[in-house]
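Listing of query.txt; format and content: compact mmCIF, C-alpha atoms.
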```txt
# COMPACT_ATOMS: atom_id res chain seq x y z
CA MET H 1 140.46 161.76 61.66
CA ARG H 2 142.69 161.81 58.55
CA ALA H 3 144.89 158.71 58.26
CA ASP H 4 147.50 160.52 56.17
CA ARG H 5 147.70 163.30 58.78
CA LEU H 6 148.34 160.86 61.61
CA VAL H 7 151.14 159.26 59.65
CA ALA H 8 152.57 162.73 58.99
CA VAL H 9 152.46 163.47 62.73
CA LEU H 10 154.36 160.29 63.47
CA LEU H 11 156.98 160.98 60.79
CA LEU H 12 157.53 164.55 62.05
CA MET H 13 157.98 163.33 65.61
CA GLN H 14 160.49 160.71 64.55
CA ALA H 15 162.41 163.23 62.46
CA ARG H 16 162.56 165.88 65.22
CA GLY H 17 162.46 163.85 68.38
CA ARG H 18 160.27 166.33 70.21
CA VAL H 19 157.50 168.66 68.97
CA THR H 20 154.81 170.88 70.43
CA ALA H 21 151.17 170.88 69.40
CA ALA H 22 151.67 174.42 68.05
CA GLU H 23 154.58 173.30 65.87
CA LEU H 24 152.54 170.40 64.47
CA ALA H 25 149.61 172.71 63.81
CA GLY H 26 151.85 175.03 61.82
CA GLU H 27 153.38 172.19 59.80
CA LEU H 28 150.10 170.45 59.00
CA GLU H 29 147.90 173.56 58.59
CA VAL H 30 145.45 172.53 61.29
CA SER H 31 144.38 174.10 64.58
CA VAL H 32 146.38 173.55 67.74
CA ALA H 33 143.38 171.72 69.22
CA THR H 34 143.31 169.34 66.24
CA ALA H 35 147.05 168.69 66.53
CA ARG H 36 146.65 167.96 70.23
CA ARG H 37 143.76 165.55 69.53
CA ASP H 38 145.89 163.74 66.93
CA LEU H 39 148.71 163.32 69.46
CA GLU H 40 146.26 162.06 72.08
CA ALA H 41 144.73 159.66 69.53
CA LEU H 42 148.15 158.17 68.79
CA SER H 43 148.86 157.81 72.49
CA ALA H 44 145.45 156.20 73.16
CA ALA H 45 146.03 153.77 70.29
CA GLY H 46 149.17 152.46 71.95
CA VAL H 47 151.81 154.37 69.98
CA PRO H 48 154.55 155.42 72.46
CA VAL H 49 153.80 159.13 72.32
CA TYR H 50 153.96 161.02 75.61
CA PRO H 51 153.86 164.69 76.70
CA GLN H 52 156.64 166.44 78.58
CA PRO H 53 155.33 169.39 80.63
CA GLY H 54 157.21 172.55 81.50
CA ARG H 55 159.51 174.88 79.66
CA GLY H 56 161.14 173.23 76.67
CA GLY H 57 158.58 170.43 76.82
CA GLY H 58 156.41 169.01 74.11
CA TRP H 59 155.54 165.56 72.83
CA SER H 60 158.11 162.84 72.24
CA LEU H 61 158.38 159.24 71.13
CA VAL H 62 159.77 156.79 73.63
CA GLY H 63 163.31 155.94 72.55
CA GLY H 64 164.05 159.31 70.98
CA ALA H 65 164.15 160.44 67.37
CA ARG H 66 164.25 157.88 64.57
CA THR H 67 164.51 158.30 60.81
CA ASP H 68 162.16 155.42 59.93
CA LEU H 69 159.22 153.58 61.38
CA SER H 70 160.94 150.26 62.04
CA GLY H 71 161.27 151.06 65.76
CA LEU H 72 157.58 150.32 66.36
CA SER H 73 156.87 147.20 68.37
CA ALA H 74 154.42 144.56 67.13
CA ALA H 75 151.72 145.77 69.55
CA GLU H 76 152.31 149.42 68.58
CA ALA H 77 152.11 148.62 64.87
CA GLN H 78 148.85 146.71 65.36
CA ALA H 79 147.38 149.56 67.39
CA LEU H 80 148.25 152.10 64.71
CA PHE H 81 146.79 150.02 61.87
CA LEU H 82 143.61 149.36 63.85
CA LEU H 83 143.25 153.14 64.17
CA LEU H 84 144.01 153.99 60.53
CA GLY H 85 142.64 150.99 58.65
CA PRO H 86 138.90 151.88 58.62
CA ALA H 87 139.70 155.32 57.18
CA THR H 88 141.38 153.92 54.08
CA ALA H 89 139.45 150.80 53.03
CA GLY H 90 135.98 149.59 52.17
CA PRO H 91 132.75 151.63 52.03
CA SER H 92 133.93 153.71 54.99
CA ALA H 93 137.04 155.05 53.23
CA SER H 94 136.80 158.78 53.88
CA GLY H 95 140.24 159.97 52.90
CA PRO H 96 141.80 160.50 49.48
CA ALA H 97 143.99 157.92 47.73
CA GLU H 98 147.03 159.46 49.42
CA ALA H 99 145.80 158.12 52.79
CA GLY H 100 145.94 154.56 51.54
CA ALA H 101 149.35 155.24 50.00
CA ALA H 102 150.63 156.55 53.33
CA LEU H 103 149.44 153.40 55.07
CA ARG H 104 151.15 151.19 52.50
CA LYS H 105 154.42 153.08 52.99
CA LEU H 106 154.09 152.64 56.72
CA LEU H 107 153.49 148.91 56.24
CA ALA H 108 156.59 148.61 54.05
CA ALA H 109 158.70 150.35 56.72
CA LEU H 110 157.79 147.81 59.40
CA PRO H 111 159.99 144.81 60.15
CA ARG H 112 158.95 141.79 58.08
CA THR H 113 157.91 139.83 61.16
CA PHE H 114 155.34 142.52 62.06
CA ARG H 115 153.74 142.96 58.65
CA ALA H 116 151.30 140.05 58.73
CA ASP H 117 149.81 141.17 62.05
CA ALA H 118 149.74 144.82 60.88
CA GLU H 119 147.87 143.85 57.70
CA ALA H 120 145.42 141.78 59.74
CA ALA H 121 144.86 144.75 62.06
CA ARG H 122 144.25 147.04 59.08
CA ASP H 123 141.54 144.71 57.77
CA ALA H 124 140.05 143.84 61.17
CA THR H 125 137.52 146.68 61.27
CA LEU H 126 135.13 147.93 58.62
CA VAL H 127 132.97 150.99 59.19
CA ASP H 128 129.87 151.31 57.01
CA PRO H 129 128.39 154.79 57.60
CA VAL H 130 125.25 154.22 55.51
CA ARG H 131 122.10 153.67 57.55
CA TRP H 132 119.71 150.86 56.68
CA GLY H 133 117.38 151.92 53.90
CA GLU H 134 119.52 154.91 52.91
CA ARG H 135 121.77 155.49 49.94
CA ASP H 136 125.47 156.15 50.23
CA ARG H 137 126.30 159.85 50.14
CA PRO H 138 129.43 160.26 48.02
CA ARG H 139 132.06 162.79 49.03
CA PRO H 140 131.35 165.99 47.02
CA ALA H 141 134.05 166.75 44.44
CA THR H 142 134.08 170.34 45.69
CA VAL H 143 135.57 169.22 49.02
CA ASP H 144 139.08 168.86 47.56
CA LEU H 145 139.02 172.37 46.07
CA LEU H 146 137.79 173.85 49.34
CA GLN H 147 140.37 171.97 51.41
CA THR H 148 143.12 173.35 49.19
CA ALA H 149 141.70 176.86 49.59
CA VAL H 150 141.61 176.51 53.38
CA VAL H 151 145.22 175.35 53.54
CA SER H 152 146.53 177.94 51.05
CA ARG H 153 144.43 180.76 52.60
CA ARG H 154 142.72 181.74 49.34
CA ARG H 155 139.29 183.29 48.99
CA VAL H 156 136.67 181.31 47.12
CA ARG H 157 133.85 182.51 44.90
CA LEU H 158 130.80 180.32 45.42
CA THR H 159 127.52 179.93 43.59
CA TYR H 160 125.34 178.70 46.42
CA ALA H 161 121.75 177.46 46.33
CA GLY H 162 120.10 177.82 49.74
CA ARG H 163 117.21 175.63 50.78
CA ASP H 164 114.54 178.09 49.68
CA ALA H 165 116.49 180.54 47.53
CA GLU H 166 117.77 180.88 44.01
CA PRO H 167 121.51 180.28 43.50
CA ALA H 168 123.53 183.36 44.39
CA GLU H 169 127.21 184.24 44.18
CA ARG H 170 129.20 184.67 47.39
CA LEU H 171 132.83 185.63 47.99
CA VAL H 172 133.99 183.86 51.15
CA ASP H 173 137.07 183.36 53.31
CA PRO H 174 137.19 179.58 53.92
CA TRP H 175 138.06 178.73 57.52
CA GLY H 176 137.56 174.99 57.60
CA LEU H 177 135.53 171.97 56.51
CA ILE H 178 133.44 169.72 58.73
CA ASP H 179 132.24 166.21 57.88
CA LYS H 180 129.14 165.61 60.00
CA ASP H 181 127.53 162.23 59.46
CA ASP H 182 128.66 162.17 55.79
CA VAL H 183 127.32 165.69 55.15
CA TRP H 184 130.07 168.24 54.48
CA TYR H 185 129.90 171.84 55.67
CA LEU H 186 132.13 174.84 54.95
CA LEU H 187 132.65 177.32 57.77
CA ALA H 188 133.63 180.64 56.28
CA GLY H 189 133.84 184.37 56.80
CA THR H 190 131.69 186.66 54.66
CA ASP H 191 130.87 190.36 54.48
CA ARG H 192 127.98 189.48 56.85
CA GLY H 193 130.11 187.62 59.35
CA ARG H 194 130.53 183.91 59.94
CA ARG H 195 128.40 181.66 57.76
CA THR H 196 127.97 177.91 57.29
CA PHE H 197 127.45 176.42 53.83
CA ARG H 198 126.37 172.88 52.98
CA VAL H 199 128.89 171.71 50.40
CA ASP H 200 126.31 169.67 48.46
CA ARG H 201 124.40 172.92 47.82
CA ILE H 202 127.41 174.64 46.28
CA VAL H 203 126.65 174.75 42.55
CA ARG H 204 130.06 176.12 41.60
CA ALA H 205 133.27 177.01 43.42
CA GLU H 206 136.35 178.84 42.19
CA ALA H 207 139.47 179.73 44.14
CA THR H 208 140.64 183.29 43.61
CA GLY H 209 144.08 184.83 43.90
CA GLU H 210 143.01 186.91 46.90
CA THR H 211 144.33 186.11 50.36
CA ALA H 212 141.62 184.92 52.73
CA GLU H 213 141.25 186.47 56.16
CA ARG H 214 141.09 184.19 59.16
CA PRO H 215 140.28 185.35 62.72
CA THR H 216 143.30 185.34 64.98
CA GLY H 217 143.22 182.37 67.34
CA LEU H 218 140.34 180.66 65.54
CA VAL H 219 139.82 177.10 66.74
CA LEU H 220 137.69 175.31 64.17
CA ALA H 221 136.25 172.81 66.67
CA ALA H 222 135.11 175.60 69.01
CA ALA H 223 133.61 177.65 66.18
CA TRP H 224 131.75 174.61 64.87
CA GLN H 225 130.40 173.84 68.33
CA GLU H 226 128.85 177.31 68.41
CA VAL H 227 127.20 176.60 65.05
CA VAL H 228 125.90 173.24 66.29
CA GLU H 229 124.42 174.78 69.43
CA GLU H 230 122.65 177.50 67.42
CA ILE H 231 121.23 174.96 64.95
CA GLU H 232 120.05 172.72 67.77
CA ARG H 233 118.29 175.69 69.38
CA ARG H 234 116.43 176.31 66.12
CA ARG H 235 115.51 172.65 65.88
CA SER H 236 113.99 172.63 69.35
CA ARG H 237 111.72 175.67 69.26
CA THR H 238 108.56 173.59 69.77
CA TRP H 239 108.40 171.12 72.65
CA ALA H 240 105.61 168.59 73.04
CA THR H 241 104.71 166.19 75.85
CA VAL H 242 103.52 162.75 74.76
CA LEU H 243 102.49 159.49 76.40
CA VAL H 244 103.80 156.26 74.88
CA GLU H 245 104.54 152.69 75.94
CA GLU H 246 108.01 152.46 77.45
CA ARG H 247 109.16 149.89 74.90
CA PHE H 248 108.78 152.49 72.13
CA VAL H 249 110.99 155.12 73.77
CA PRO H 250 114.19 153.91 72.00
CA VAL H 251 112.44 154.41 68.66
CA LEU H 252 111.57 157.99 69.58
CA ARG H 253 115.13 158.60 70.75
CA ASP H 254 116.47 157.35 67.45
CA ARG H 255 114.22 159.75 65.57
CA PHE H 256 114.45 162.85 67.79
CA GLY H 257 118.00 162.38 69.10
CA ARG H 258 118.97 164.85 71.82
CA HIS H 259 115.46 166.35 71.63
CA CYS H 260 113.86 163.39 73.37
CA HIS H 261 113.68 163.24 77.17
CA THR H 262 111.84 160.71 79.34
CA GLU H 263 110.13 162.36 82.31
CA GLY H 264 108.76 159.42 84.26
CA GLU H 265 105.95 156.90 84.38
CA ALA H 266 102.42 157.82 83.35
CA GLY H 267 100.53 154.65 84.31
CA ARG H 268 99.21 151.71 82.28
CA GLY H 269 102.74 150.85 81.09
CA ARG H 270 103.23 154.24 79.52
CA VAL H 271 105.83 156.94 80.14
CA ARG H 272 105.79 160.69 79.71
CA VAL H 273 108.24 161.92 77.04
CA ARG H 274 109.25 165.40 75.93
CA LEU H 275 110.00 165.85 72.22
CA ALA H 276 111.11 168.86 70.19
CA ALA H 277 111.22 170.03 66.56
CA PRO H 278 111.31 173.44 64.85
CA THR H 279 107.53 173.88 64.49
CA PRO H 280 104.28 172.22 65.67
CA LEU H 281 103.84 170.88 62.13
CA ASP H 282 107.28 169.25 62.22
CA VAL H 283 106.43 167.50 65.51
CA ALA H 284 103.07 166.37 64.12
CA ARG H 285 104.60 165.01 60.93
CA HIS H 286 107.02 162.87 62.94
CA LEU H 287 104.20 161.50 65.13
CA ALA H 288 101.40 161.07 62.56
CA GLY H 289 102.49 157.56 61.62
CA TRP H 290 102.23 156.35 65.21
CA GLY H 291 98.45 156.52 65.17
CA ALA H 292 96.83 155.57 68.48
CA MET H 293 100.14 154.28 69.91
CA ILE H 294 101.01 157.78 71.04
CA GLU H 295 98.99 160.49 72.82
CA VAL H 296 99.96 164.16 72.67
CA VAL H 297 99.29 165.86 76.00
CA GLU H 298 100.40 169.34 74.97
CA PRO H 299 100.66 171.78 73.27
CA SER H 300 97.32 172.11 71.57
CA THR H 301 99.03 173.39 68.40
CA VAL H 302 100.60 169.96 67.84
CA ARG H 303 97.28 168.21 68.48
CA ASP H 304 95.60 170.54 65.98
CA GLU H 305 98.21 169.76 63.33
CA LEU H 306 97.76 166.03 63.93
CA ALA H 307 93.99 166.37 63.58
CA ARG H 308 94.44 168.31 60.33
CA ILE H 309 96.83 165.70 58.92
CA GLY H 310 94.40 162.95 59.90
CA ALA H 311 91.51 164.71 58.20
CA GLU H 312 93.55 165.19 55.04
CA LEU H 313 94.49 161.50 54.95
CA VAL H 314 90.91 160.37 55.48
CA ALA H 315 89.59 162.72 52.80
CA ARG H 316 92.29 161.89 50.27
CA ASN H 317 92.00 158.13 50.69
CA SER H 318 88.20 158.06 50.82
CA GLY H 319 87.87 160.09 47.63
CA ARG H 320 86.52 163.17 49.42
CA GLU H 321 88.33 166.50 49.66
CA PRO H 322 88.99 167.82 53.20
CA ALA H 323 86.58 170.43 54.52
```
structure tokens encoding of this file:
Amino acid sequence: MRADRLVAVLLLMQARGRVTAAELAGELEVSVATARRDLEALSAAGVPVYPQPGRGGGWSLVGGARTDLSGLSAAEAQALFLLLGPATAGPSASGPAEAGAALRKLLAALPRTFRADAEAARDATLVDPVRWGERDRPRPATVDLLQTAVVSRRRVRLTYAGRDAEPAERLVDPWGLIDKDDVWYLLAGTDRGRRTFRVDRIVRAEATGETAERPTGLVLAAAWQEVVEEIERRRSRTWATVLVEERFVPVLRDRFGRHCHTEGEAGRGRVRVRLAAPTPLDVARHLAGWGAMIEVVEPSTVRDELARIGAELVARNSGREPA
């Protein structure tokens, strides 16, 4: 959630008194669903934002329109800074410098008696997205160019290197960007339909003067959900049933995520678990390090791959080549 965008939502509401999600979406160049989520996030954080149903309705701030932010109460100011702070400071800072600048302006607009508590709220939470043992993944420089192209509705010429292909040039209509667990994706239209590009595989990007086409009524969140579901289907083409001690199930869940399901007890302190990956080899690779702690019940293709990996390890580490 962009900190600078939430501040912009609040400023627009105070300037106009009442707005609709569609009006906010048009002003901020986001989808109606995103605008509605931003309004709900402000409301959930304690900012006095409430919907008015019916004809002529919309979203309003309690107390009517204001031209500055000094009407926030101490509790409301703290709630807002708790929500925005982690996005603008420390290793978790995900927004551009403008987000921090927006927060500083907001702080300056508060009554002096509220500022100390607001600053404390801003610094109360730190989000470190880097997992133990992993390196930080910096935000790709290409993201800013692509965001500008999405907002200005300009086509982009990409040089894209797929996982197993040589870099190739693509002309795309950028629809939106998604940050998924610190990996950025571009959802775009191409001459072959909708495509998803990993931003860190874009070798070169150049905005053109051509107007990009965008499907009427496109909701980025819904389109991305379709992509996620398709990718998850590909990642779960091979299912295996394994037996493992119950205390190790959380470790399997951490590794296999949504593709790990416990199916009941199997005796001797073990449980039956269903796991999935794209291929039998992928399942076997994930399980090879478990050794005798895990038993594969089926399918036989996964057991065969495990046996082959075991034979290779024995041969390589004993100085003999595998048969």
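Minimum distance to Val251 in chain H across H:Arg233, H:His286, H:Arg131, H:Arg139 (counting all atoms listed in the file) occurs at H:His286.
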Please return the centre and edge lengths, in Å to one decimal, of a box with edges along x, y and z that contains all listed atoms of range 251-257 of chain H, widened by 5 Å on every side, as JSON.
```
{"center_x": 114.8, "center_y": 158.6, "center_z": 68.2, "size_x": 16.4, "size_y": 18.4, "size_z": 15.2}
```
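Pairwise distance (CA of Gly26 in chain H, CA of Ala149 in chain H) equals 16.0 Å.
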Discussion item. Report, in Å with one decimal, the straight-line distance from CA of Pro280 in chain H to CA of Glu263 in chain H.
Written reply: 20.2 Å
Practice prompt. Select, from H:Leu146, H:Ala266, H:Leu171, H:Val19, the residue with the minimum atom-to-atom distance to Leu186 in chain H, counting all atoms listed in the file.
Written response: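 Nearest candidate to Leu186 in chain H out of H:Leu146, H:Ala266, H:Leu171, H:Val19: H:Leu146.
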Discussion item. Which residue is closest to Glu23 in chain H? Choose from H:Tyr50, H:Trp184, H:Trp224, H:Trp59 and count all atoms listed in the file.
Written reply: H:Trp59
Worksheet entry | Within 10 Å of file point (108.3, 174.7, 64.7), counting all atoms listed in the file, expressed as a list in words |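 The answer, in the requested form, is Arg234, Arg235, Ser236, Arg237, Thr238, Trp239, Ala276, Ala277, Pro278, Thr279, Pro280, Leu281, Asp282, Val283, Ala284 and Val302 of chain H.
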Discussion item. From (144.1, 176.7, 59.7), in the file's coordinates, out to 9 Å: which residues are reached, counting all atoms listed in the file? Answer as a list of chain:residue names.
Written reply: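 Selection result: H:Ala25, H:Gly26, H:Leu28, H:Glu29, H:Val30, H:Ser31, H:Val32, H:Val150, H:Val151, H:Arg153, H:Trp175, H:Gly176, H:Arg214, H:Leu218, H:Val219, H:Leu220.
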